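For reference, entry.cif is printed below; it contains mmCIF, C-alpha atoms and all ligand atoms.
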```cif
data_input
#
loop_
_atom_site.label_atom_id
_atom_site.label_comp_id
_atom_site.auth_asym_id
_atom_site.auth_seq_id
_atom_site.Cartn_x
_atom_site.Cartn_y
_atom_site.Cartn_z
CA MET A 3 -22.11 6.69 -0.59
CA LYS A 4 -23.89 10.07 -1.09
CA LEU A 5 -27.02 9.86 -3.28
CA GLN A 6 -27.60 12.54 -5.91
CA ALA A 7 -30.69 13.60 -7.90
CA SER A 8 -29.30 11.69 -10.92
CA ASP A 9 -29.30 8.45 -8.85
CA PHE A 10 -33.04 8.80 -8.22
CA SER A 11 -33.66 9.48 -11.90
CA ALA A 12 -31.58 6.38 -12.78
CA ALA A 13 -33.56 4.27 -10.29
CA ALA A 14 -36.85 5.50 -11.81
CA HIS A 15 -35.67 4.64 -15.35
CA MET A 16 -34.56 1.19 -14.27
CA VAL A 17 -37.83 0.35 -12.55
CA LEU A 18 -39.72 1.63 -15.59
CA GLU A 19 -37.62 -0.65 -17.80
CA LEU A 20 -38.44 -3.58 -15.53
CA VAL A 21 -42.20 -3.15 -15.77
CA CYS A 22 -42.61 -1.88 -19.36
CA PRO A 23 -43.57 -4.24 -22.22
CA ARG A 24 -40.95 -5.09 -24.86
CA THR A 25 -41.25 -2.63 -27.75
CA ALA A 26 -37.64 -2.34 -29.01
CA THR A 27 -36.36 -4.68 -31.71
CA ARG A 28 -32.78 -5.73 -32.51
CA LEU A 29 -30.91 -3.76 -35.18
CA SER A 30 -27.52 -5.12 -36.31
CA GLU A 31 -24.38 -2.97 -35.89
CA PRO A 32 -23.52 -1.01 -39.09
CA TRP A 33 -20.18 -2.94 -39.27
CA SER A 34 -19.64 -6.27 -37.60
CA VAL A 35 -15.84 -6.44 -38.06
CA MET A 36 -14.30 -3.12 -36.91
CA ASP A 37 -11.88 -2.63 -39.79
CA ASP A 38 -11.79 1.15 -39.99
CA THR A 39 -8.64 2.85 -38.62
CA ASP A 40 -10.46 5.76 -36.93
CA GLU A 41 -13.08 3.46 -35.45
CA ALA A 42 -10.37 1.16 -34.04
CA LYS A 43 -8.48 4.12 -32.51
CA ALA A 44 -11.70 5.60 -31.07
CA TYR A 45 -12.57 2.24 -29.50
CA ARG A 46 -9.14 1.98 -27.86
CA GLU A 47 -9.48 5.52 -26.52
CA ALA A 48 -12.92 4.69 -25.07
CA ALA A 49 -11.44 1.58 -23.45
CA GLU A 50 -8.69 3.66 -21.86
CA ARG A 51 -10.63 6.77 -20.76
CA PHE A 52 -14.38 6.32 -20.53
CA ALA A 53 -16.97 4.07 -18.84
CA LEU A 54 -15.79 1.09 -20.91
CA SER A 55 -12.52 1.09 -18.92
CA ALA A 56 -14.52 0.44 -15.71
CA MET A 57 -16.47 -2.38 -17.36
CA HIS A 58 -13.20 -3.93 -18.56
CA VAL A 59 -11.78 -3.95 -15.02
CA PHE A 60 -15.04 -5.39 -13.69
CA PHE A 61 -15.02 -8.16 -16.30
CA ALA A 62 -11.27 -8.78 -15.73
CA LEU A 63 -11.97 -9.37 -12.02
CA HIS A 64 -14.65 -11.98 -12.76
CA ILE A 65 -12.67 -13.53 -15.61
CA THR A 66 -9.69 -14.00 -13.29
CA ARG A 67 -11.94 -15.76 -10.78
CA THR A 68 -13.32 -17.99 -13.54
CA ILE A 69 -10.07 -19.08 -15.27
CA GLN A 70 -7.95 -19.99 -12.24
CA GLY A 71 -6.02 -23.21 -12.90
CA ARG A 72 -6.45 -23.07 -16.71
CA ARG A 73 -3.45 -23.20 -19.05
CA LYS A 74 -4.50 -21.72 -22.38
CA VAL A 75 -7.29 -19.18 -22.79
CA LEU A 76 -8.68 -17.68 -26.00
CA ASP A 77 -10.03 -14.11 -25.96
CA LEU A 78 -12.59 -14.25 -28.77
CA ALA A 79 -12.88 -10.91 -30.63
CA CYS A 80 -10.25 -9.30 -28.40
CA GLY A 81 -10.55 -5.95 -30.22
CA SER A 82 -7.97 -3.42 -29.03
CA GLY A 83 -6.99 -5.74 -26.18
CA GLY A 84 -8.41 -3.76 -23.23
CA VAL A 85 -9.61 -6.81 -21.30
CA LEU A 86 -6.86 -9.08 -22.62
CA ALA A 87 -4.07 -6.82 -21.33
CA ILE A 88 -5.54 -6.74 -17.82
CA VAL A 89 -6.22 -10.48 -17.53
CA ALA A 90 -2.82 -11.39 -19.00
CA GLN A 91 -1.10 -9.22 -16.38
CA LEU A 92 -3.24 -10.68 -13.60
CA ASN A 93 -2.62 -14.28 -14.72
CA PRO A 94 1.02 -14.52 -15.87
CA GLU A 95 1.01 -18.34 -15.64
CA ILE A 96 -1.76 -18.65 -18.28
CA GLU A 97 -1.10 -18.44 -22.04
CA PHE A 98 -3.56 -16.08 -23.80
CA ILE A 99 -4.46 -15.96 -27.48
CA GLY A 100 -6.32 -12.85 -28.61
CA VAL A 101 -8.39 -13.47 -31.76
CA ASP A 102 -10.03 -10.89 -34.01
CA LEU A 103 -10.94 -10.59 -37.69
CA SER A 104 -9.97 -6.91 -37.85
CA GLU A 105 -6.33 -6.17 -38.65
CA LYS A 106 -6.80 -2.59 -37.44
CA MET A 107 -8.06 -3.78 -34.05
CA LEU A 108 -5.20 -6.29 -33.82
CA GLU A 109 -2.75 -3.42 -34.52
CA GLU A 110 -4.33 -1.41 -31.72
CA ALA A 111 -4.09 -4.46 -29.45
CA GLU A 112 -0.42 -4.92 -30.37
CA GLY A 113 0.26 -1.23 -29.58
CA HIS A 114 -1.49 -1.58 -26.22
CA ILE A 115 -0.07 -4.93 -25.11
CA ARG A 116 3.57 -4.93 -26.31
CA PRO A 117 4.72 -1.90 -24.26
CA LEU A 118 3.53 -3.79 -21.16
CA GLY A 119 6.21 -6.42 -21.85
CA LEU A 120 3.75 -9.31 -21.59
CA THR A 121 5.20 -12.60 -22.83
CA ASN A 122 2.05 -14.68 -22.28
CA VAL A 123 -0.08 -13.12 -25.07
CA ARG A 124 -0.26 -13.86 -28.80
CA LEU A 125 -2.57 -12.16 -31.28
CA VAL A 126 -4.13 -14.03 -34.17
CA LYS A 127 -6.38 -13.05 -37.06
CA GLY A 128 -9.33 -15.44 -37.11
CA ASP A 129 -13.10 -15.87 -37.18
CA ILE A 130 -14.51 -16.55 -33.71
CA CYS A 131 -17.41 -18.51 -35.20
CA ARG A 132 -15.09 -21.09 -36.77
CA LEU A 133 -12.15 -21.62 -34.39
CA ASP A 134 -10.40 -23.60 -37.15
CA PHE A 135 -7.00 -21.92 -36.75
CA PRO A 136 -4.14 -23.92 -35.15
CA GLU A 137 -3.80 -21.62 -32.10
CA ALA A 138 -7.30 -22.67 -30.95
CA LYS A 139 -6.09 -26.24 -30.34
CA GLY A 140 -5.73 -27.19 -26.69
CA ALA A 141 -7.52 -24.16 -25.25
CA ASP A 142 -9.19 -24.83 -21.90
CA GLY A 143 -10.80 -21.41 -21.50
CA PHE A 144 -12.84 -19.08 -23.74
CA LEU A 145 -13.57 -15.40 -23.15
CA CYS A 146 -15.74 -13.13 -25.23
CA THR A 147 -16.46 -9.58 -24.06
CA PHE A 148 -18.52 -6.84 -25.70
CA SER A 149 -18.42 -8.67 -29.03
CA MET A 150 -21.42 -10.97 -29.42
CA HIS A 151 -23.61 -8.00 -30.36
CA HIS A 152 -21.27 -7.48 -33.34
CA LEU A 153 -22.36 -10.80 -34.85
CA PRO A 154 -25.05 -9.92 -37.39
CA GLY A 155 -27.69 -12.53 -36.61
CA ILE A 156 -28.78 -15.20 -34.17
CA GLU A 157 -27.72 -18.07 -36.48
CA ILE A 158 -24.17 -16.68 -36.55
CA LEU A 159 -24.20 -16.30 -32.77
CA ARG A 160 -25.38 -19.92 -32.61
CA GLY A 161 -22.30 -20.82 -34.69
CA LEU A 162 -20.08 -19.25 -32.02
CA PHE A 163 -21.76 -21.20 -29.20
CA LEU A 164 -21.43 -24.41 -31.24
CA ALA A 165 -17.74 -23.77 -32.01
CA VAL A 166 -16.99 -23.13 -28.33
CA ARG A 167 -18.92 -26.28 -27.29
CA GLN A 168 -16.96 -28.38 -29.79
CA ASN A 169 -13.60 -27.05 -28.58
CA LEU A 170 -14.26 -26.90 -24.84
CA PRO A 171 -12.66 -29.73 -22.83
CA PRO A 172 -14.31 -31.09 -19.65
CA GLN A 173 -13.72 -28.54 -16.85
CA GLY A 174 -13.06 -25.84 -19.44
CA ALA A 175 -13.75 -22.25 -18.36
CA ILE A 176 -16.17 -19.87 -20.05
CA PHE A 177 -16.70 -16.17 -19.52
CA PHE A 178 -18.95 -14.29 -21.94
CA GLY A 179 -20.02 -10.75 -21.08
CA ASP A 180 -21.83 -8.25 -23.26
CA LEU A 181 -24.62 -5.74 -23.59
CA CYS A 182 -28.13 -7.11 -23.19
CA HIS A 183 -31.04 -5.76 -25.23
CA LEU A 184 -33.30 -3.44 -23.25
CA LYS A 185 -37.06 -3.56 -23.71
CA SER A 186 -37.60 0.03 -24.80
CA GLU A 187 -35.82 2.64 -26.93
CA ARG A 188 -36.32 5.09 -24.03
CA SER A 189 -34.19 2.85 -21.76
CA ILE A 190 -31.57 2.41 -24.50
CA ARG A 191 -31.21 6.20 -24.83
CA PHE A 192 -31.05 6.64 -21.06
CA ILE A 193 -28.27 4.05 -20.58
CA ALA A 194 -26.26 5.35 -23.58
CA GLU A 195 -26.51 8.97 -22.36
CA THR A 196 -25.59 8.06 -18.78
CA GLU A 197 -22.60 5.97 -19.87
CA ASN A 198 -21.29 8.66 -22.21
CA ARG A 199 -21.61 11.72 -20.00
CA GLY A 200 -18.53 13.86 -20.74
CA ALA A 201 -17.47 11.81 -23.79
CA PRO A 202 -17.46 13.17 -27.39
CA GLY A 203 -20.74 12.75 -29.34
CA VAL A 204 -19.37 9.98 -31.54
CA TYR A 205 -19.25 7.67 -28.50
CA LEU A 206 -22.93 8.27 -27.78
CA GLU A 207 -23.78 7.21 -31.36
CA ASP A 208 -21.60 4.08 -30.99
CA SER A 209 -23.25 3.17 -27.69
CA LEU A 210 -26.72 3.59 -29.17
CA ASN A 211 -25.78 1.31 -32.09
CA SER A 212 -24.31 -1.27 -29.72
CA LEU A 213 -27.29 -1.29 -27.35
CA ARG A 214 -29.67 -1.63 -30.30
CA ALA A 215 -27.59 -4.54 -31.66
CA ALA A 216 -27.44 -6.37 -28.33
CA TYR A 217 -29.16 -9.75 -28.13
CA PHE A 218 -32.15 -10.34 -25.88
CA ARG A 219 -31.66 -12.25 -22.64
CA ASP A 220 -34.08 -14.97 -23.77
CA ASP A 221 -31.98 -15.69 -26.89
CA ILE A 222 -28.76 -15.92 -24.85
CA GLU A 223 -30.48 -18.13 -22.28
CA ALA A 224 -31.78 -20.48 -25.03
CA LEU A 225 -28.26 -20.84 -26.51
CA ARG A 226 -26.78 -21.32 -23.03
CA ARG A 227 -29.22 -24.14 -22.28
CA GLU A 228 -28.60 -25.84 -25.62
CA PHE A 229 -24.79 -25.60 -25.77
CA LEU A 230 -23.32 -24.57 -22.41
CA PRO A 231 -25.61 -25.90 -19.66
CA GLU A 232 -22.68 -25.93 -17.21
CA THR A 233 -22.71 -22.11 -17.23
CA LYS A 234 -24.98 -19.63 -15.44
CA LEU A 235 -26.43 -16.45 -16.89
CA HIS A 236 -26.53 -13.25 -14.83
CA THR A 237 -27.77 -9.82 -15.79
CA THR A 238 -27.68 -6.43 -14.18
CA PHE A 239 -30.91 -5.71 -12.31
CA PRO A 240 -33.44 -4.04 -12.43
CA ALA A 241 -32.33 -2.77 -15.88
CA ARG A 242 -30.90 -5.73 -17.78
CA PHE A 243 -28.38 -3.88 -19.96
CA LEU A 244 -25.39 -6.15 -19.33
CA TYR A 245 -25.10 -9.92 -19.00
CA VAL A 246 -22.43 -12.35 -17.91
CA LEU A 247 -22.55 -16.04 -18.78
CA LYS A 248 -19.89 -18.07 -17.02
CA THR A 249 -18.68 -21.28 -15.47
CA LYS A 250 -17.95 -21.49 -11.73
CA SER A 251 -15.62 -19.00 -10.04
CA VAL A 252 -13.15 -19.48 -7.22
CA ALA A 253 -11.89 -17.02 -4.61
CA LEU A 254 -8.78 -15.13 -5.70
CA PRO A 255 -5.40 -15.49 -4.02
CA PRO A 256 -4.32 -12.31 -2.14
CA SER A 257 -1.74 -11.40 -4.83
CA ALA A 258 -4.46 -11.32 -7.53
CA GLN A 259 -6.78 -9.36 -5.21
CA ARG A 260 -4.05 -6.74 -4.74
CA ALA A 261 -3.43 -6.60 -8.50
CA ILE A 262 -7.15 -6.03 -9.19
CA ALA A 263 -7.22 -3.32 -6.52
CA ARG A 264 -4.35 -1.58 -8.36
CA GLU A 265 -6.32 -1.74 -11.65
CA TYR A 266 -9.28 -0.19 -9.86
CA ASP A 267 -7.05 2.55 -8.39
CA HIS A 268 -5.85 3.45 -11.90
CA LEU A 269 -9.43 4.27 -12.98
CA SER A 270 -10.53 7.90 -12.80
CA LEU A 271 -12.92 8.75 -9.95
CA ALA A 272 -15.83 8.89 -12.42
CA ASN A 273 -14.95 5.44 -13.77
CA GLN A 274 -14.52 4.05 -10.25
CA ALA A 275 -18.12 5.20 -9.65
CA VAL A 276 -19.16 3.34 -12.84
CA PHE A 277 -17.40 0.19 -11.56
CA GLN A 278 -19.23 0.44 -8.22
CA LYS A 279 -22.61 0.90 -9.91
CA ILE A 280 -22.09 -2.06 -12.23
CA GLN A 281 -20.95 -4.18 -9.32
CA TRP A 282 -24.14 -3.36 -7.39
CA LEU A 283 -26.45 -3.87 -10.37
CA PHE A 284 -24.85 -7.27 -11.01
CA ARG A 285 -25.10 -8.17 -7.31
CA LEU A 286 -28.82 -7.42 -7.51
CA GLY A 287 -28.83 -9.82 -10.47
CA GLY A 288 -27.09 -12.54 -8.40
CA LEU A 289 -23.45 -12.16 -9.52
CA TRP A 290 -21.11 -11.80 -6.54
C1 LIG A 301 -16.63 -3.92 -29.58
S1 LIG A 301 -15.21 -4.84 -30.00
C2 LIG A 301 -14.90 -5.67 -28.47
C3 LIG A 301 -13.46 -5.82 -28.16
C4 LIG A 301 -13.05 -6.38 -26.81
N1 LIG A 301 -13.41 -7.77 -26.66
C5 LIG A 301 -13.52 -5.58 -25.63
O1 LIG A 301 -14.08 -6.15 -24.69
O2 LIG A 301 -13.30 -4.37 -25.62
C6 LIG A 301 -15.89 -6.11 -31.03
C7 LIG A 301 -14.84 -6.83 -31.84
O3 LIG A 301 -15.42 -7.95 -32.50
C8 LIG A 301 -14.69 -8.16 -33.70
N2 LIG A 301 -15.42 -9.14 -34.53
C9 LIG A 301 -16.66 -9.02 -35.07
N3 LIG A 301 -17.01 -10.15 -35.71
C10 LIG A 301 -15.96 -11.02 -35.59
C11 LIG A 301 -15.71 -12.36 -36.02
N4 LIG A 301 -16.63 -13.05 -36.70
N5 LIG A 301 -14.53 -12.93 -35.71
C12 LIG A 301 -13.59 -12.24 -35.02
N6 LIG A 301 -13.76 -10.97 -34.57
C13 LIG A 301 -14.94 -10.37 -34.84
C14 LIG A 301 -14.56 -6.75 -34.23
O4 LIG A 301 -13.58 -6.64 -35.23
C15 LIG A 301 -14.20 -5.99 -32.95
O5 LIG A 301 -12.83 -5.92 -32.76
#
```

Is it possible to express this structure as structure tokens?
Amino acid sequence: MKLQASDFSAAAHMVLELVCPRTATRLSEPWSVMDDTDEAKAYREAAERFALSAMHVFFALHITRTIQGRRKVLDLACGSGGVLAIVAQLNPEIEFIGVDLSEKMLEEAEGHIRPLGLTNVRLVKGDICRLDFPEAKGADGFLCTFSMHHLPGIEILRGLFLAVRQNLPPQGAIFFGDLCHLKSERSIRFIAETENRGAPGVYLEDSLNSLRAAYFRDDIEALRREFLPETKLHTTFPARFLYVLKTKSVALPPSAQRAIAREYDHLSLANQAVFQKIQWLFRLGGLW
């Protein structure tokens, strides 16, 4: 791998983030449920073209390693179905239920998933903090990606952890992955600008809002300990801007490894570079 000047600047920012005191505070997203048509379309476009597509493939790889052997998995706040479509293709023997409160996002998910001809996915309108809809019954796996920061406050996030705990059977699988709150506004701006290089300005604004709405690692760790002690929390390192909280993983069979490699090959070169960087930053944080 050839290092560029921007890599040194990134390294300097990340070390600075590691040693600086916490000055940033959490600011909720302007809208928690993404019920605006343009916003839903823009999110789907970001998931198909920009850095988010690389993060989706990275999460799909680790989700697939975490849910092996499960029968029914709920994707909580599935949005436009970017992660759901990949994991459903990679795991055809598992039934997936995508849940979201936004009809617009569910329409985007429908438009993304149906043309793929997947028969193992259903989409349901529901509140992820309640899990009181019939499709939640019998689930033995729960996913939630890039959505916890959309919940407006820590008590509501606590409701999600409680609902998952109450519905999770013994040996159930968990994979939660989301943005993690950085300590300074300077780091937030740096990560948002790096992630959105080449993307229209509206995506930069969205990323800034999302990073500012992310929960702090300490809050996630406290909820993990209280409700899901069987999981482990990992963050990117040295800048903790992403976290993954999950149950144990297993090695993938060769067919799934080949399928993941194909997903990676479909990413643009720029997004493959994003995937590689995230993989390394998570490895530094102990996620292999
Ligand atoms: C940023 S999107 C993430 C979508 C997808 N999981 C991904 O990884 O790309 C966040 C989603 O959370 C949904 N959401 C927010 N609060 C919710 C709630 N209480 N119940 C269900 N969905 C919710 C929004 O409508 C939106 O679709």

- [ ] Kindly work out which residues sit at most 9 Å from ligand LIG 301 (chain A), using all atoms listed in the file, and give the list as number ranges by chain.
- [x] A: 33-37, 42, 45-46, 49, 54-55, 57-58, 61, 77-86, 100-108, 127-132, 145-154, 158, 162, 179-180, 212

Expected file contents, prior selection, C-alpha atoms, as a PDB file, in the coordinates of the input:
```pdb
ATOM      1  CA  TRP A  33     -20.180  -2.940 -39.270  1.00  0.00           C
ATOM      2  CA  SER A  34     -19.640  -6.270 -37.600  1.00  0.00           C
ATOM      3  CA  VAL A  35     -15.840  -6.440 -38.060  1.00  0.00           C
ATOM      4  CA  MET A  36     -14.300  -3.120 -36.910  1.00  0.00           C
ATOM      5  CA  ASP A  37     -11.880  -2.630 -39.790  1.00  0.00           C
ATOM      6  CA  ALA A  42     -10.370   1.160 -34.040  1.00  0.00           C
ATOM      7  CA  TYR A  45     -12.570   2.240 -29.500  1.00  0.00           C
ATOM      8  CA  ARG A  46      -9.140   1.980 -27.860  1.00  0.00           C
ATOM      9  CA  ALA A  49     -11.440   1.580 -23.450  1.00  0.00           C
ATOM     10  CA  LEU A  54     -15.790   1.090 -20.910  1.00  0.00           C
ATOM     11  CA  SER A  55     -12.520   1.090 -18.920  1.00  0.00           C
ATOM     12  CA  MET A  57     -16.470  -2.380 -17.360  1.00  0.00           C
ATOM     13  CA  HIS A  58     -13.200  -3.930 -18.560  1.00  0.00           C
ATOM     14  CA  PHE A  61     -15.020  -8.160 -16.300  1.00  0.00           C
ATOM     15  CA  ASP A  77     -10.030 -14.110 -25.960  1.00  0.00           C
ATOM     16  CA  LEU A  78     -12.590 -14.250 -28.770  1.00  0.00           C
ATOM     17  CA  ALA A  79     -12.880 -10.910 -30.630  1.00  0.00           C
ATOM     18  CA  CYS A  80     -10.250  -9.300 -28.400  1.00  0.00           C
ATOM     19  CA  GLY A  81     -10.550  -5.950 -30.220  1.00  0.00           C
ATOM     20  CA  SER A  82      -7.970  -3.420 -29.030  1.00  0.00           C
ATOM     21  CA  GLY A  83      -6.990  -5.740 -26.180  1.00  0.00           C
ATOM     22  CA  GLY A  84      -8.410  -3.760 -23.230  1.00  0.00           C
ATOM     23  CA  VAL A  85      -9.610  -6.810 -21.300  1.00  0.00           C
ATOM     24  CA  LEU A  86      -6.860  -9.080 -22.620  1.00  0.00           C
ATOM     25  CA  GLY A 100      -6.320 -12.850 -28.610  1.00  0.00           C
ATOM     26  CA  VAL A 101      -8.390 -13.470 -31.760  1.00  0.00           C
ATOM     27  CA  ASP A 102     -10.030 -10.890 -34.010  1.00  0.00           C
ATOM     28  CA  LEU A 103     -10.940 -10.590 -37.690  1.00  0.00           C
ATOM     29  CA  SER A 104      -9.970  -6.910 -37.850  1.00  0.00           C
ATOM     30  CA  GLU A 105      -6.330  -6.170 -38.650  1.00  0.00           C
ATOM     31  CA  LYS A 106      -6.800  -2.590 -37.440  1.00  0.00           C
ATOM     32  CA  MET A 107      -8.060  -3.780 -34.050  1.00  0.00           C
ATOM     33  CA  LEU A 108      -5.200  -6.290 -33.820  1.00  0.00           C
ATOM     34  CA  LYS A 127      -6.380 -13.050 -37.060  1.00  0.00           C
ATOM     35  CA  GLY A 128      -9.330 -15.440 -37.110  1.00  0.00           C
ATOM     36  CA  ASP A 129     -13.100 -15.870 -37.180  1.00  0.00           C
ATOM     37  CA  ILE A 130     -14.510 -16.550 -33.710  1.00  0.00           C
ATOM     38  CA  CYS A 131     -17.410 -18.510 -35.200  1.00  0.00           C
ATOM     39  CA  ARG A 132     -15.090 -21.090 -36.770  1.00  0.00           C
ATOM     40  CA  LEU A 145     -13.570 -15.400 -23.150  1.00  0.00           C
ATOM     41  CA  CYS A 146     -15.740 -13.130 -25.230  1.00  0.00           C
ATOM     42  CA  THR A 147     -16.460  -9.580 -24.060  1.00  0.00           C
ATOM     43  CA  PHE A 148     -18.520  -6.840 -25.700  1.00  0.00           C
ATOM     44  CA  SER A 149     -18.420  -8.670 -29.030  1.00  0.00           C
ATOM     45  CA  MET A 150     -21.420 -10.970 -29.420  1.00  0.00           C
ATOM     46  CA  HIS A 151     -23.610  -8.000 -30.360  1.00  0.00           C
ATOM     47  CA  HIS A 152     -21.270  -7.480 -33.340  1.00  0.00           C
ATOM     48  CA  LEU A 153     -22.360 -10.800 -34.850  1.00  0.00           C
ATOM     49  CA  PRO A 154     -25.050  -9.920 -37.390  1.00  0.00           C
ATOM     50  CA  ILE A 158     -24.170 -16.680 -36.550  1.00  0.00           C
ATOM     51  CA  LEU A 162     -20.080 -19.250 -32.020  1.00  0.00           C
ATOM     52  CA  GLY A 179     -20.020 -10.750 -21.080  1.00  0.00           C
ATOM     53  CA  ASP A 180     -21.830  -8.250 -23.260  1.00  0.00           C
ATOM     54  CA  SER A 212     -24.310  -1.270 -29.720  1.00  0.00           C
TER      55      SER A 212
END
```

TODO: Calculate how many Å separate CA of Val75 in chain A from CA of Asp40 in chain A, rounding to one decimal.
DONE: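 Atom-to-atom, CA of Val75 in chain A and CA of Asp40 in chain A are spaced 28.8 Å apart.
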
TODO: Find, counting all atoms listed in the file, the residue in A:Arg191, A:Arg214, A:Arg226, A:His114 that gets nearest to Arg167 in chain A.
DONE: A:Arg226

Task: Computed interatomic separation between CA of Leu76 in chain A and CA of Val276 in chain A (Å) - done: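 Distance between the two atoms: 26.9 Å.
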
- [ ] Please provide the set of residues having any atom within 10 Å of Leu210 in chain A, restricted to all atoms listed in the file, with same-chain residues fewer than 3 positions apart removed, written as a VMD selection string.
- [x] chain A and resid 31 187 190 to 195 205 to 207 213 to 215

Task: Option closest in space to Ser209 in chain A, from A:Phe284, A:Asn122, A:Thr196, A:Phe98 [counting only C-alpha atoms] - done: A:Thr196

- [ ] One decimal, Å: what's the distance from CA of Ala258 in chain A over to CA of Phe60 in chain A, could you say?
- [x] 13.6 Å

Missing atoms in range 85-97 of chain A: fill them in up to N, CA and C atoms and send the result as a PDB file, keeping the file's coordinate frame.
```pdb
ATOM      1  N   VAL A  85      -9.410  -5.775 -22.325  1.00  0.00           N
ATOM      2  CA  VAL A  85      -9.610  -6.810 -21.300  1.00  0.00           C
ATOM      3  C   VAL A  85      -8.409  -7.759 -21.289  1.00  0.00           C
ATOM      4  N   LEU A  86      -7.965  -8.116 -22.483  1.00  0.00           N
ATOM      5  CA  LEU A  86      -6.860  -9.080 -22.620  1.00  0.00           C
ATOM      6  C   LEU A  86      -5.621  -8.607 -21.855  1.00  0.00           C
ATOM      7  N   ALA A  87      -5.268  -7.332 -21.994  1.00  0.00           N
ATOM      8  CA  ALA A  87      -4.070  -6.820 -21.330  1.00  0.00           C
ATOM      9  C   ALA A  87      -4.188  -6.962 -19.813  1.00  0.00           C
ATOM     10  N   ILE A  88      -5.383  -6.661 -19.282  1.00  0.00           N
ATOM     11  CA  ILE A  88      -5.540  -6.740 -17.820  1.00  0.00           C
ATOM     12  C   ILE A  88      -5.468  -8.201 -17.358  1.00  0.00           C
ATOM     13  N   VAL A  89      -6.200  -9.091 -18.040  1.00  0.00           N
ATOM     14  CA  VAL A  89      -6.220 -10.480 -17.530  1.00  0.00           C
ATOM     15  C   VAL A  89      -4.869 -11.168 -17.734  1.00  0.00           C
ATOM     16  N   ALA A  90      -4.149 -10.778 -18.794  1.00  0.00           N
ATOM     17  CA  ALA A  90      -2.820 -11.390 -19.000  1.00  0.00           C
ATOM     18  C   ALA A  90      -1.846 -10.939 -17.918  1.00  0.00           C
ATOM     19  N   GLN A  91      -1.976  -9.685 -17.476  1.00  0.00           N
ATOM     20  CA  GLN A  91      -1.100  -9.220 -16.380  1.00  0.00           C
ATOM     21  C   GLN A  91      -1.471  -9.898 -15.064  1.00  0.00           C
ATOM     22  N   LEU A  92      -2.778 -10.094 -14.866  1.00  0.00           N
ATOM     23  CA  LEU A  92      -3.240 -10.680 -13.600  1.00  0.00           C
ATOM     24  C   LEU A  92      -2.955 -12.182 -13.520  1.00  0.00           C
ATOM     25  N   ASN A  93      -2.776 -12.815 -14.689  1.00  0.00           N
ATOM     26  CA  ASN A  93      -2.620 -14.280 -14.720  1.00  0.00           C
ATOM     27  C   ASN A  93      -1.399 -14.661 -15.545  1.00  0.00           C
ATOM     28  N   PRO A  94      -0.190 -14.329 -15.053  1.00  0.00           N
ATOM     29  CA  PRO A  94       1.020 -14.520 -15.870  1.00  0.00           C
ATOM     30  C   PRO A  94       1.314 -15.992 -16.177  1.00  0.00           C
ATOM     31  N   GLU A  95       0.733 -16.917 -15.402  1.00  0.00           N
ATOM     32  CA  GLU A  95       1.010 -18.340 -15.640  1.00  0.00           C
ATOM     33  C   GLU A  95       0.124 -18.932 -16.743  1.00  0.00           C
ATOM     34  N   ILE A  96      -0.853 -18.156 -17.227  1.00  0.00           N
ATOM     35  CA  ILE A  96      -1.760 -18.650 -18.280  1.00  0.00           C
ATOM     36  C   ILE A  96      -1.328 -18.075 -19.622  1.00  0.00           C
ATOM     37  N   GLU A  97      -1.389 -18.920 -20.675  1.00  0.00           N
ATOM     38  CA  GLU A  97      -1.100 -18.440 -22.040  1.00  0.00           C
ATOM     39  C   GLU A  97      -2.412 -17.897 -22.630  1.00  0.00           C
TER      40      GLU A  97
END
```
